[in-house]
Amino acid sequence: MSVAGVTPRQAQLRPDLAAIAEMIPDGARVLDIGCGDGALLEHLVRSKKVDGRGLELLQSNVNHCVTRGLSVVQGDADRDLAEYPSGVFDIVILSQTIQATRKPDYVLKELLRIGNRTVVSFPNFGHWRVRASLLLNGRMPVTRSLGHSWYDTPNIHLCTISDFLSLTTETGARIEKALALDGDGNTRRLSANAWKANVFAEGAIFLLAKT
Amino acid sequence: MAEEVSEKLIPRFLRPLKAPTENAGHALQLGPEQPLVLDSGKKITPLTIAYMTYGALNADRSNAVLVTHALTGDQFVASTHPVTGKPGWWNFAVGPGKAINTDRYFVICANVLGGCMGTTGPGEIDPATSKPYGLSFPLVTIRDIVRTQALLLDSLGIEQLLCVVGGSMGGMQALQWAASYPERVHTVMPIATGARHSAQNIAFHEVGRQAIMADPDWRGGEYGTQKVSPAKGLAVARMAAHVTYLSEAALQRKFGRELQDRDAVSFGFDADFQIESYLRHQGMTFVDRFDANSYLYMTRAMDYFDLAADYGGVLAEAFRDAKARFCLVSFTSDWLFPTVENKRVAHALNASGASVSFVEIESDRGHDAFLLDEPELHEVMSGFLGSAAASKGIK
């Protein structure tokens with residue numbers, strides 16, 4: 001799934017994934033939804049000794065994960081999360097995937113149900129480049145973190161950081177930590193007043209819990 | 001204990017037909033002091049378990065892989081079949097350097113209880129009567145079959161399997177292993193299977209059984225003593241079953257509406273179409289290597305399989321004590337054990353907290369895809385087994 005801003009796997013963990021990894025306590029039970037080729041999951045299993053599981057849509061990615069020794073189920077976040085029992089995971093991760101789901105609000109509620117904590121990262125559609133592209137060119141934005149044309153993008157439910165903040169309120173999620181990501185993968189704490197991040201951050205990572 | 005045997009392993013009903021080859025494998029013989037008590041409450045004694053092994057058991061006995069065979073499979077997973085002379089049924093998967101690498105793993109495959117390739121079954125002689133068991137052979141279940149495999153491991157001194165892997169009825173056995181002996185399996189790989197036999201699958205089996213029993217030469221199962229064989233009924237059973245192993249796309253691709261050795265239809269009931277000729281051939285060759293009563297017993301064992309039923313109807317409960325890592329595999333065009341049945345198992349395993357991988361492989365070859373050289377299956381098997389071996393420190 002991980003469709004926005006995909007980069008080839010490197011020995012070094014991608015900065016946004018590294019920032020997520022820092023939020024995961026050692027030995028946690030982790031479910032990575034849209035785990036892609038398993039880069040983050042493998043890192044967590046190796047260096048944080050987590051009990052890690054993955055759910056991934058693309059068959060080739062699942063096969064790759066299995067050969068890496070990871071426990072990954074081929075499936076679809078929109079359909080298959082209902083099968084997971086409540087509260088069985090310490091942390092559920094949804095990295096760069098929520099914007100590609102059919103029902104982001106439903107998926108978020110399911111994440112909060114399955115995990116005691118939830119990490120969600122997504123590209124920020126409120127970034128000034130995106131705004132400028134639409135405003136000045138009158139065309140659907142294609143940027144480095146959103147590299148698809150409008151007709152072939154898997155990102156069917158893009159949102160801004162402000163949009164996501166209101167979704168967390170609607171779904172009754174408590175924000176435990178929020179980070180803004182810049183284009184080089186640097187993170188900074190997202191303040192309560194997020195208008196600045198909503199313009200200047202290319203993406204965001206939220207650590208959520210049920211209220 | 002295990003001993004080399006030759007003639008014994010050729011099923012009795014085939015002994016006049018073919019001579020045993022140089023490698024008919026091994027057999028474990030358990031005497032009256034070790035009767036096998038079945039789910040039905042009945043006992044089988046003495047018990048013979050015919051099996052093949054490939055590769056070498058390592059010093060700490062940690063590299064054993066049990067391959068469990070399907071309905072009409074046998075222990076000759078990677079060696080020439082002693083009756084047909086054909087290569088092993090999973091030759092592409094098992095062997096030196098292959099996915100189930102016999103340079104690295106010690107591979108065991110045993111003929112199932114009730115089978116007809118040397119393990120005790122309805123075609124073998126009942127010592128009480130000195131005649132073939134026939135229908136006096138007790139009904140056996142998948143759990144009974146797995147019990148015999150556990151006895152075999154005991155005799156080989158293997159405490160825990162690195163992996164139990166099998167497709168279709170073999171996959172049922174793999175799942176049963178995880179439920180019956182959770183401590184004895186490090187990893188489990190059920191392929192193209194389900195935790196229960198569906199109504200549709202039972203229906204097809206019933207068609208096959210009725211075909212056998214409708215053959216006048218079946219003689220109420222007593223054909224073994226009357227020098228006849230219900231070959232026609234068994235062939236029809238195989239033909240019907242064979243269709244369920246394929247897919248419409250594969251049939252269309254292989255045969256379409258092509259005619260067999262003729263330019264026009266014959267306006268009769270000859271095998272006008274290639275598909276008819278193919279099915280007839282499948283039926284005819286099958287009877288040379290399989291016993292009709294055994295077919296009745298094996299199909300019944302599959303029909304009775306409902307793993308959840310043994311655990312209050314909750315499949316996740318069957319895996320409550322499972323410590324193994326699982327890797328489930330299904331094929332897109334398999335309508336006998338469709339992806340949804342395999343996924344049901346994956347979800348139950350998830351719910352029980354087990355560590356599970358699930359892979360659906362794109363193939364138009366139907367249920368039989370698991371027996372064919374599917375590169376993706378090869379990759380998944382070798383990767384999964386490789387990581388299992390690495391976690392056990394097996395070189």
# chains A, B, ... in the order shown; residues from 1 in each chain; ligands from 1
>>> closest_atom_pairs(of="chain B", to="chain A", cutoff="12 Å", atoms="only C-alpha atoms", output="CSV")
residue,atom,partner,partner_atom,distance
B:Ala99,CA,A:Thr67,CA,11.5
B:Thr187,CA,A:Gly69,CA,11.5
B:Met189,CA,A:Val66,CA,12.0
B:Ala316,CA,A:Pro85,CA,10.8
B:Ala324,CA,A:Ser71,CA,11.4
B:Arg325,CA,A:Ser71,CA,7.8
B:Phe326,CA,A:Ser71,CA,8.0
B:Cys327,CA,A:Ser71,CA,7.9
B:Leu328,CA,A:Val73,CA,8.8
B:Val329,CA,A:Gln74,CA,9.9
B:Ser330,CA,A:Gln74,CA,10.5
B:Phe331,CA,A:Gln59,CA,11.6
B:Thr332,CA,A:Gln59,CA,11.5
B:Thr339,CA,A:Gln74,CA,10.7
B:Val340,CA,A:Gly75,CA,11.2
B:Asn342,CA,A:Val73,CA,11.3
B:Lys343,CA,A:Val73,CA,9.0
B:Arg344,CA,A:Glu83,CA,9.1
B:Val345,CA,A:Glu83,CA,11.0
B:Ala346,CA,A:Val73,CA,7.7
B:His347,CA,A:Glu83,CA,6.0
B:Ala348,CA,A:Glu83,CA,8.3
B:Leu349,CA,A:Tyr84,CA,9.9
B:Asn350,CA,A:Tyr84,CA,6.7
B:Ala351,CA,A:Pro85,CA,5.7
B:Ser352,CA,A:Pro85,CA,8.8
B:Gly353,CA,A:Val88,CA,7.6
B:Ala354,CA,A:Ser71,CA,9.7
B:Ser355,CA,A:Ser71,CA,6.1
B:Val356,CA,A:Ser71,CA,5.3
B:Ser357,CA,A:Val72,CA,4.4
B:Phe358,CA,A:Val73,CA,4.3
B:Val359,CA,A:Gln74,CA,5.6
B:Glu360,CA,A:Gln74,CA,6.9
B:Ile361,CA,A:Gln59,CA,7.5
B:Glu362,CA,A:Gln59,CA,8.7
B:Pro375,CA,A:Asn63,CA,11.4
B:Glu376,CA,A:Asn63,CA,7.8
B:Leu377,CA,A:Asn63,CA,9.2
B:His378,CA,A:Asn63,CA,10.5
B:Glu379,CA,A:Thr67,CA,7.4
B:Val380,CA,A:Asn63,CA,6.0
B:Met381,CA,A:Thr67,CA,8.2
B:Ser382,CA,A:Thr67,CA,7.4
B:Gly383,CA,A:Thr67,CA,3.7
B:Phe384,CA,A:Thr67,CA,5.5
B:Leu385,CA,A:Thr67,CA,8.5
B:Gly386,CA,A:Thr67,CA,7.7
B:Ser387,CA,A:Gly69,CA,4.9
B:Ala388,CA,A:Gly69,CA,7.4
B:Ala389,CA,A:Gly69,CA,10.1
B:Ala390,CA,A:Gly69,CA,9.1
B:Ser391,CA,A:Gly69,CA,9.0
>>> write_last_selection(atoms="N, CA and C atoms", output="short mmCIF file (atom, residue, chain, number, x, y, z; two decimals), in the first residue's frame")
data_model
loop_
_atom_site.label_atom_id
_atom_site.label_comp_id
_atom_site.auth_asym_id
_atom_site.auth_seq_id
_atom_site.Cartn_x
_atom_site.Cartn_y
_atom_site.Cartn_z
N ALA B 99 13.00 -25.63 -3.08
CA ALA B 99 12.40 -24.86 -1.99
C ALA B 99 12.48 -25.62 -0.67
N THR B 187 7.04 -24.44 12.62
CA THR B 187 6.29 -23.67 11.63
C THR B 187 5.30 -24.60 10.91
N MET B 189 2.80 -24.84 7.32
CA MET B 189 2.52 -24.24 6.03
C MET B 189 1.38 -24.98 5.32
N ALA B 316 -10.62 -20.11 16.24
CA ALA B 316 -9.46 -19.52 16.94
C ALA B 316 -9.06 -20.36 18.15
N ALA B 324 3.56 -21.96 16.88
CA ALA B 324 4.25 -22.00 15.60
C ALA B 324 4.02 -20.72 14.81
N ARG B 325 4.90 -20.49 13.85
CA ARG B 325 4.63 -19.47 12.83
C ARG B 325 3.93 -20.17 11.68
N PHE B 326 2.94 -19.51 11.13
CA PHE B 326 2.14 -20.09 10.05
C PHE B 326 2.37 -19.32 8.75
N CYS B 327 2.32 -20.03 7.66
CA CYS B 327 2.28 -19.37 6.36
C CYS B 327 1.22 -20.08 5.52
N LEU B 328 0.15 -19.37 5.24
CA LEU B 328 -0.95 -19.94 4.47
C LEU B 328 -0.85 -19.47 3.03
N VAL B 329 -1.17 -20.36 2.10
CA VAL B 329 -1.09 -20.00 0.69
C VAL B 329 -2.38 -20.44 -0.01
N SER B 330 -2.94 -19.54 -0.82
CA SER B 330 -4.08 -19.92 -1.65
C SER B 330 -3.81 -19.48 -3.09
N PHE B 331 -4.63 -19.98 -4.00
CA PHE B 331 -4.48 -19.63 -5.41
C PHE B 331 -5.77 -18.99 -5.91
N THR B 332 -5.64 -17.95 -6.73
CA THR B 332 -6.80 -17.14 -7.12
C THR B 332 -7.89 -17.96 -7.80
N THR B 339 -9.74 -18.83 -1.85
CA THR B 339 -9.01 -17.92 -0.96
C THR B 339 -9.78 -17.64 0.32
N VAL B 340 -11.10 -17.47 0.19
CA VAL B 340 -11.88 -17.10 1.37
C VAL B 340 -11.78 -18.15 2.48
N ASN B 342 -9.16 -20.18 2.97
CA ASN B 342 -7.81 -20.06 3.51
C ASN B 342 -7.70 -18.84 4.43
N LYS B 343 -8.37 -17.77 4.00
CA LYS B 343 -8.32 -16.53 4.76
C LYS B 343 -9.02 -16.67 6.11
N ARG B 344 -10.07 -17.49 6.11
CA ARG B 344 -10.79 -17.74 7.34
C ARG B 344 -9.83 -18.30 8.39
N VAL B 345 -8.95 -19.17 7.93
CA VAL B 345 -7.95 -19.75 8.83
C VAL B 345 -6.98 -18.67 9.29
N ALA B 346 -6.57 -17.82 8.35
CA ALA B 346 -5.63 -16.74 8.69
C ALA B 346 -6.24 -15.83 9.76
N HIS B 347 -7.51 -15.51 9.61
CA HIS B 347 -8.15 -14.63 10.57
C HIS B 347 -8.29 -15.28 11.93
N ALA B 348 -8.60 -16.59 11.93
CA ALA B 348 -8.69 -17.31 13.21
C ALA B 348 -7.33 -17.33 13.90
N LEU B 349 -6.29 -17.51 13.10
CA LEU B 349 -4.94 -17.52 13.68
C LEU B 349 -4.60 -16.14 14.24
N ASN B 350 -4.96 -15.10 13.50
CA ASN B 350 -4.76 -13.74 13.98
C ASN B 350 -5.48 -13.53 15.30
N ALA B 351 -6.73 -13.99 15.34
CA ALA B 351 -7.55 -13.80 16.53
C ALA B 351 -6.97 -14.54 17.72
N SER B 352 -6.31 -15.68 17.46
CA SER B 352 -5.74 -16.44 18.58
C SER B 352 -4.36 -15.90 18.95
N GLY B 353 -3.92 -14.88 18.22
CA GLY B 353 -2.63 -14.26 18.54
C GLY B 353 -1.45 -14.98 17.93
N ALA B 354 -1.72 -15.96 17.06
CA ALA B 354 -0.60 -16.68 16.43
C ALA B 354 0.06 -15.79 15.40
N SER B 355 1.28 -16.18 15.06
CA SER B 355 2.04 -15.42 14.08
C SER B 355 1.75 -16.00 12.70
N VAL B 356 1.11 -15.21 11.84
CA VAL B 356 0.65 -15.79 10.59
C VAL B 356 0.97 -14.92 9.39
N SER B 357 1.37 -15.58 8.32
CA SER B 357 1.50 -14.94 7.02
C SER B 357 0.47 -15.56 6.10
N PHE B 358 -0.04 -14.76 5.20
CA PHE B 358 -1.00 -15.28 4.23
C PHE B 358 -0.67 -14.74 2.85
N VAL B 359 -0.56 -15.66 1.90
CA VAL B 359 -0.16 -15.28 0.56
C VAL B 359 -1.18 -15.84 -0.42
N GLU B 360 -1.72 -14.98 -1.28
CA GLU B 360 -2.59 -15.46 -2.35
C GLU B 360 -1.81 -15.36 -3.66
N ILE B 361 -1.68 -16.49 -4.33
CA ILE B 361 -0.88 -16.51 -5.56
C ILE B 361 -1.81 -16.48 -6.77
N GLU B 362 -1.46 -15.60 -7.69
CA GLU B 362 -2.24 -15.44 -8.93
C GLU B 362 -1.92 -16.62 -9.85
N PRO B 375 6.27 -20.47 -9.76
CA PRO B 375 7.48 -19.84 -9.21
C PRO B 375 7.23 -19.09 -7.90
N GLU B 376 6.06 -18.45 -7.80
CA GLU B 376 5.80 -17.68 -6.58
C GLU B 376 5.66 -18.59 -5.36
N LEU B 377 5.05 -19.76 -5.57
CA LEU B 377 4.92 -20.72 -4.48
C LEU B 377 6.32 -21.16 -4.03
N HIS B 378 7.16 -21.38 -5.03
CA HIS B 378 8.53 -21.78 -4.76
C HIS B 378 9.24 -20.75 -3.89
N GLU B 379 9.10 -19.48 -4.29
CA GLU B 379 9.76 -18.39 -3.55
C GLU B 379 9.25 -18.28 -2.13
N VAL B 380 7.95 -18.35 -1.98
CA VAL B 380 7.36 -18.20 -0.65
C VAL B 380 7.80 -19.36 0.25
N MET B 381 7.74 -20.57 -0.31
CA MET B 381 8.13 -21.74 0.49
C MET B 381 9.58 -21.66 0.91
N SER B 382 10.44 -21.34 -0.04
CA SER B 382 11.85 -21.35 0.30
C SER B 382 12.17 -20.22 1.27
N GLY B 383 11.52 -19.06 1.09
CA GLY B 383 11.75 -17.94 2.00
C GLY B 383 11.25 -18.22 3.40
N PHE B 384 10.05 -18.77 3.48
CA PHE B 384 9.46 -19.05 4.79
C PHE B 384 10.26 -20.12 5.53
N LEU B 385 10.59 -21.20 4.81
CA LEU B 385 11.37 -22.27 5.43
C LEU B 385 12.76 -21.78 5.81
N GLY B 386 13.33 -20.96 4.91
CA GLY B 386 14.68 -20.43 5.17
C GLY B 386 14.71 -19.61 6.45
N SER B 387 13.69 -18.76 6.64
CA SER B 387 13.69 -17.93 7.84
C SER B 387 13.39 -18.78 9.07
N ALA B 388 12.58 -19.84 8.89
CA ALA B 388 12.34 -20.76 10.01
C ALA B 388 13.63 -21.46 10.42
N ALA B 389 14.38 -21.89 9.42
CA ALA B 389 15.66 -22.58 9.69
C ALA B 389 16.64 -21.64 10.36
N ALA B 390 16.67 -20.39 9.87
CA ALA B 390 17.60 -19.41 10.45
C ALA B 390 17.26 -19.17 11.92
N SER B 391 15.97 -19.12 12.25
CA SER B 391 15.58 -18.87 13.63
C SER B 391 15.94 -20.04 14.54
#
>>> residues_around(residues="Val199 in chain A", least_positions_apart="5", cutoff="8 Å", atoms="only C-alpha atoms", output="ChimeraX atom specification")
/A:126-128
>>> residues_around(residues="Gly185 in chain A", least_positions_apart="4", cutoff="12 Å", atoms="only C-alpha atoms", output="PyMOL selection string")
chain A and resi 5+13-20+123+145+179-181+201-205
>>> select_by_dssp(residues="range 79-187 of chain A", states="helix (DSSP H, G or I)", output="VMD selection string")
chain A and resid 79 to 83 98 to 100 104 to 114 128 to 137 161 to 171
>>> residues_around(residues="Gly171 in chain B", least_positions_apart="6", cutoff="9 Å", atoms="only C-alpha atoms", output="ChimeraX atom specification")
/B:68-70,164-165,189-195
>>> residues_around(residues="range 239-247 of chain B", least_positions_apart="6", cutoff="7 Å", atoms="only C-alpha atoms", output="ChimeraX atom specification")
/B:204,208,279-280,282-283,333,336,364-368
>>> residues_around(residues="range 176-178 of chain A", least_positions_apart="3", cutoff="9 Å", atoms="only C-alpha atoms", output="ChimeraX atom specification")
/A:23,188-191,204-209
>>> select_by_dssp(residues="range 116-187 of chain A", states="strand (DSSP E)", output="PyMOL selection string")
chain A and resi 116-123+173-181+187
>>> write_last_selection(atoms="N, CA and C atoms", output="mmCIF file, in the first residue's frame")
data_model
loop_
_atom_site.group_PDB
_atom_site.id
_atom_site.type_symbol
_atom_site.label_atom_id
_atom_site.label_comp_id
_atom_site.auth_asym_id
_atom_site.auth_seq_id
_atom_site.Cartn_x
_atom_site.Cartn_y
_atom_site.Cartn_z
ATOM 1 N N ASN A 116 -3.957 -0.459 21.263
ATOM 2 C CA ASN A 116 -4.062 0.466 22.379
ATOM 3 C C ASN A 116 -3.593 1.856 21.962
ATOM 4 N N ARG A 117 -2.621 1.853 21.042
ATOM 5 C CA ARG A 117 -2.175 3.116 20.463
ATOM 6 C C ARG A 117 -2.088 2.968 18.947
ATOM 7 N N THR A 118 -2.173 4.087 18.274
ATOM 8 C CA THR A 118 -2.183 4.061 16.817
ATOM 9 C C THR A 118 -1.242 5.128 16.281
ATOM 10 N N VAL A 119 -0.414 4.746 15.320
ATOM 11 C CA VAL A 119 0.436 5.731 14.655
ATOM 12 C C VAL A 119 -0.062 5.898 13.224
ATOM 13 N N VAL A 120 -0.355 7.132 12.843
ATOM 14 C CA VAL A 120 -0.802 7.403 11.478
ATOM 15 C C VAL A 120 0.112 8.456 10.866
ATOM 16 N N SER A 121 0.649 8.174 9.691
ATOM 17 C CA SER A 121 1.397 9.206 8.977
ATOM 18 C C SER A 121 0.777 9.385 7.600
ATOM 19 N N PHE A 122 0.846 10.603 7.081
ATOM 20 C CA PHE A 122 0.214 10.875 5.783
ATOM 21 C C PHE A 122 0.866 12.099 5.152
ATOM 22 N N PRO A 123 0.756 12.221 3.832
ATOM 23 C CA PRO A 123 1.245 13.441 3.173
ATOM 24 C C PRO A 123 0.244 14.575 3.386
ATOM 25 N N ALA A 173 -10.309 10.326 19.148
ATOM 26 C CA ALA A 173 -8.927 9.918 19.387
ATOM 27 C C ALA A 173 -8.196 11.001 20.168
ATOM 28 N N ARG A 174 -7.368 10.585 21.106
ATOM 29 C CA ARG A 174 -6.550 11.550 21.854
ATOM 30 C C ARG A 174 -5.162 11.599 21.218
ATOM 31 N N ILE A 175 -4.704 12.815 20.959
ATOM 32 C CA ILE A 175 -3.373 12.946 20.340
ATOM 33 C C ILE A 175 -2.316 12.928 21.430
ATOM 34 N N GLU A 176 -1.449 11.915 21.384
ATOM 35 C CA GLU A 176 -0.387 11.832 22.396
ATOM 36 C C GLU A 176 0.875 12.508 21.910
ATOM 37 N N LYS A 177 1.053 12.480 20.588
ATOM 38 C CA LYS A 177 2.238 13.113 20.033
ATOM 39 C C LYS A 177 1.931 13.451 18.583
ATOM 40 N N ALA A 178 2.436 14.581 18.112
ATOM 41 C CA ALA A 178 2.228 14.931 16.710
ATOM 42 C C ALA A 178 3.507 15.550 16.168
ATOM 43 N N LEU A 179 3.964 15.063 15.017
ATOM 44 C CA LEU A 179 5.190 15.569 14.401
ATOM 45 C C LEU A 179 4.892 16.063 13.001
ATOM 46 N N ALA A 180 5.522 17.182 12.643
ATOM 47 C CA ALA A 180 5.450 17.650 11.262
ATOM 48 C C ALA A 180 6.740 17.229 10.558
ATOM 49 N N LEU A 181 6.598 16.809 9.308
ATOM 50 C CA LEU A 181 7.755 16.349 8.533
ATOM 51 C C LEU A 181 8.046 17.359 7.440
ATOM 52 N N THR A 187 11.955 16.200 11.453
ATOM 53 C CA THR A 187 10.675 16.299 12.152
ATOM 54 C C THR A 187 10.716 17.442 13.146
#
>>> atom_distance(atom1="CA of Arg29 in chain A", atom2="CA of Val50 in chain A")
5.9 Å
>>> residues_around(residues="His281 in chain B", least_positions_apart="4", cutoff="9 Å", atoms="only C-alpha atoms", output="compact mmCIF listing (two decimals) with N, CA and C atoms, in the first residue's frame")
# COMPACT_ATOMS: atom_id res chain seq x y z
N ALA B 235 -12.80 -44.85 -11.88
CA ALA B 235 -12.39 -43.94 -12.95
C ALA B 235 -13.36 -42.76 -13.06
N MET B 239 -12.67 -38.83 -12.58
CA MET B 239 -12.98 -37.84 -13.62
C MET B 239 -13.74 -36.65 -13.01
N GLU B 276 -12.84 -34.53 -23.11
CA GLU B 276 -13.40 -35.84 -22.76
C GLU B 276 -12.30 -36.90 -22.77
N SER B 277 -11.51 -36.85 -23.81
CA SER B 277 -10.43 -37.82 -23.95
C SER B 277 -9.45 -37.71 -22.78
N THR B 285 -5.90 -44.06 -15.92
CA THR B 285 -4.57 -44.24 -15.32
C THR B 285 -4.66 -44.25 -13.80
N PHE B 286 -5.66 -43.57 -13.26
CA PHE B 286 -5.79 -43.49 -11.81
C PHE B 286 -6.04 -44.87 -11.19
>>> closest_residue(among="A:Asn61, A:Tyr151, A:Pro104, A:Glu22", to="Ala39 in chain A", atoms="only C-alpha atoms")
A:Asn61
